[in-house]
Amino acid sequence: MTRNLPEHPASYRDPAGFVFIRDGRVYRQVAPAYADDYRLLMDSGLYEKLVAEQLLIPHEEVEAGTLLPLQLPVISYPCEWSPDQLKDAALLTLKIMRIAIDHGMILKDASPRNIQWLNARPLFIDTLSFERYDPAHPWIAYRQFCESFLFPLYLHHYFRQGIHRTLAAYPEGMPAGALLPLLPLKSRLRAGVWLHVVLPAIVVNSGKAGRVGKARPAGQISFDKRKLLLLIGNLEDSLRGLRTEASHAIGWSRYYSETIMSQAYVQEKEKLFREMIAAIDFGSALDLGANDGYFSQILAEKKARVIAVDDQWACTNTLYRAAATAASEGIASPTSEGNSSRASGGHIYPLCVDIAEPTPASGFANTERSSFTERAQCDLVVALAVVHHLVLTKNIPFGLLADYLAILTRQWLIIEFVPVSDEKASALIRDKPVFHKPYDPDAFEAQFALLFSIEQKQLIPGTERILYLMRKKADAI
């Protein structure tokens, strides 16, 4: 089974094994060089404990060294997360470190890409990231942990800009030397900043590291288990002391709770929306411009898997916290029974993504990580109060927008048209007289009709806004 299998393009990073796909399922192959560490993971009780506590992805060993993990329904990357998501992923990594040490093992890397989400909970997915713990050696992943988790959160703590752009700019982590000049001087009064940021930056800048990027930061010295646990505790305290929530409304983060449109508009739109989704079948939905998740939660009531996307980190953060709270009530542990084990259910996956500039494919040769467009395809796409932003603000023509939505949806589209006479739309063009014309329902329908059939068209009472239910044509993109 394991002969002549094409490895996933990102597998070169870890010689302990590789990932491959067969018949639509993702497998992990353990390399002979990692066999001893893998057996320690399984025989020490560490794997069993981590899976029981829903911290590590479960797997079935279908052949010697060939693992079939639980198949995750949604894959996302750290540059698409909210601050609270990154913080929870960091604390999960440290919790796993504590448990691993008690079982004679340690994490050899600490990348946030080792984390995915299941039922709004972080889940460690790199089964081959554990190795035998040697108290005579430092934690080699300490620097990676700081640069990938702690430093972006420090930057957000002081400047409240989210972490998605930072991690997009620094996909392998933000060096201490790049972070330190950006932080306010008062930040150096924090013990965590001094230990984890200032001292490593000083070592690098002094040239004692040999060359930039190969410094041994504070903590990467030989110390025993007690000192390692103290370091972990300090990192946990530093993370918990960082603010991740929005201190005030940002952008459109209170669109539905404090909209200039009346609550009657929201109620009428919800009524029409519920009628439309009741008339169709779908197991997955992509909510574009989800805002605080008002309609995402309605979709989840249908037991659908919902990817809720917004370009405002505060919206994504609020929705993630709500989804995490809801999911924590009565969620059963994932199991690995049977080759077809697959995570499912009506749960929300909040992501911070700008639809006008979706996450591209990335990594070596742009093959390690797939694009948002490829990963986000669903049975139903919902685009409520989004078209006027994309067309009037971003200058995306109706035709290009229709093309893209036809790629994202497998079958259904619910979309809202907002005319320029609408107060929200007119505000967008107040200082921008030039935009794609004609911008009206006829032009909108003409372009979308090339790829979709219009199943329902409803004027939202009390407004000039129109809600459409469309079905993608068989010969569409």
# chains A, B, ... in the order shown; residues from 1 in each chain; ligands from 1
>>> select_by_dssp(residues="region 28-277 of chain A", states="alpha helix (DSSP H)", output="ChimeraX atom specification")
/A:35-43,46-52,83-102,142-145,151-159,164-169,176-179,191-193,199-206,225-240,263-277
>>> residues_around(residues="region 143-148 of chain A", least_positions_apart="5", cutoff="8 Å", atoms="only C-alpha atoms", output="ChimeraX atom specification")
/A:90,109-112,167,172-176,196,216-217,220
>>> closest_residue(among="A:Gly462, A:Gly293, A:Gly162, A:Pro200", to="Cys352 (chain A)", atoms="only C-alpha atoms")
A:Gly162
>>> residues_around(residues="Ile355 (chain A)", least_positions_apart="4", cutoff="9 Å", atoms="only C-alpha atoms", output="number ranges by chain")
A: 288-289, 309-311, 359, 390
>>> write_last_selection(atoms="C-alpha atoms", output="PDB file, in the first residue's frame")
ATOM      1  CA  LEU A 288     -19.271  35.299   2.858  1.00  0.00           C
ATOM      2  CA  GLY A 289     -19.216  38.526   4.849  1.00  0.00           C
ATOM      3  CA  VAL A 309     -15.794  34.332   6.499  1.00  0.00           C
ATOM      4  CA  ASP A 310     -15.276  38.009   7.221  1.00  0.00           C
ATOM      5  CA  ASP A 311     -12.376  40.381   6.627  1.00  0.00           C
ATOM      6  CA  THR A 359      -5.558  33.413   0.697  1.00  0.00           C
ATOM      7  CA  LEU A 390     -17.230  44.081  -3.765  1.00  0.00           C
TER       8      LEU A 390
END
>>> closest_residue(among="A:Tyr158, A:Val193, A:Val51, A:Trp117", to="Asn234 (chain A)", atoms="only C-alpha atoms")
A:Val193
>>> atom_distance(atom1="CA of Ile163 (chain A)", atom2="CA of Pro83 (chain A)")
5.8 Å
>>> residues_around(residues="Ile277 (chain A)", least_positions_apart="6", cutoff="10 Å", atoms="only C-alpha atoms", output="count of residues only")
7
>>> atom_distance(atom1="CA of Ser362 (chain A)", atom2="CA of Ala376 (chain A)")
15.7 Å
>>> select_by_dssp(residues="region 56-189 of chain A", states="strand (DSSP E or B)", output="MDAnalysis selection string")
chainID A and resid 56 59:63 66:69 71 105:107 115:118 121:124 130:132
>>> write_last_selection(atoms="C-alpha atoms", output="compact mmCIF listing (two decimals), in the first residue's frame")
# COMPACT_ATOMS: atom_id res chain seq x y z
CA LEU A 56 -4.63 15.16 19.47
CA HIS A 59 -5.96 7.67 13.98
CA GLU A 60 -6.24 4.04 12.98
CA GLU A 61 -3.10 2.10 12.02
CA VAL A 62 -4.30 0.38 8.87
CA GLU A 63 -0.91 -1.18 8.15
CA THR A 66 0.47 3.63 7.83
CA LEU A 67 -1.96 5.82 9.75
CA LEU A 68 -5.47 6.86 8.78
CA PRO A 69 -6.28 9.97 10.85
CA GLN A 71 -10.65 13.17 8.27
CA MET A 105 8.35 12.92 25.35
CA ILE A 106 8.53 16.47 24.02
CA LEU A 107 7.39 18.41 20.94
CA ILE A 115 -3.23 22.88 14.71
CA GLN A 116 -6.60 22.57 12.97
CA TRP A 117 -10.15 23.12 14.20
CA LEU A 118 -12.88 20.63 14.95
CA ARG A 121 -11.91 23.47 19.29
CA PRO A 122 -8.19 23.47 18.46
CA LEU A 123 -6.85 20.01 17.64
CA PHE A 124 -3.18 19.00 17.28
CA PHE A 130 6.70 13.97 19.37
CA GLU A 131 10.16 12.73 20.27
CA ARG A 132 11.85 11.25 23.33
>>> closest_atom_pairs(of="region 432-473 of chain A", to="region 265-275 of chain A", cutoff="12 Å", atoms="only C-alpha atoms", output="Markdown table")
| residue | atom | partner | partner_atom | distance |
| --- | --- | --- | --- | --- |
| A:Gln456 | CA | A:Leu272 | CA | 10.2 |
| A:Lys457 | CA | A:Leu272 | CA | 10.0 |
| A:Gln458 | CA | A:Leu272 | CA | 7.6 |
| A:Leu459 | CA | A:Lys269 | CA | 9.2 |
| A:Ile460 | CA | A:Lys269 | CA | 6.0 |
| A:Pro461 | CA | A:Glu268 | CA | 6.5 |
| A:Gly462 | CA | A:Tyr265 | CA | 6.8 |
| A:Thr463 | CA | A:Tyr265 | CA | 7.3 |
| A:Glu464 | CA | A:Tyr265 | CA | 10.6 |
| A:Arg465 | CA | A:Lys269 | CA | 9.5 |
| A:Ile466 | CA | A:Lys269 | CA | 9.4 |
| A:Leu467 | CA | A:Leu272 | CA | 7.8 |
| A:Tyr468 | CA | A:Phe273 | CA | 9.3 |
| A:Leu469 | CA | A:Phe273 | CA | 9.0 |
>>> closest_residue(among="A:Cys315, A:Ser421, A:Ala141, A:Leu408", to="Lys472 (chain A)", atoms="only C-alpha atoms")
A:Leu408
>>> closest_residue(among="A:Tyr38, A:Phe398, A:Phe444, A:Phe282", to="Ser129 (chain A)", atoms="only C-alpha atoms")
A:Tyr38
>>> atom_distance(atom1="CA of Ala35 (chain A)", atom2="CA of Phe18 (chain A)")
13.0 Å
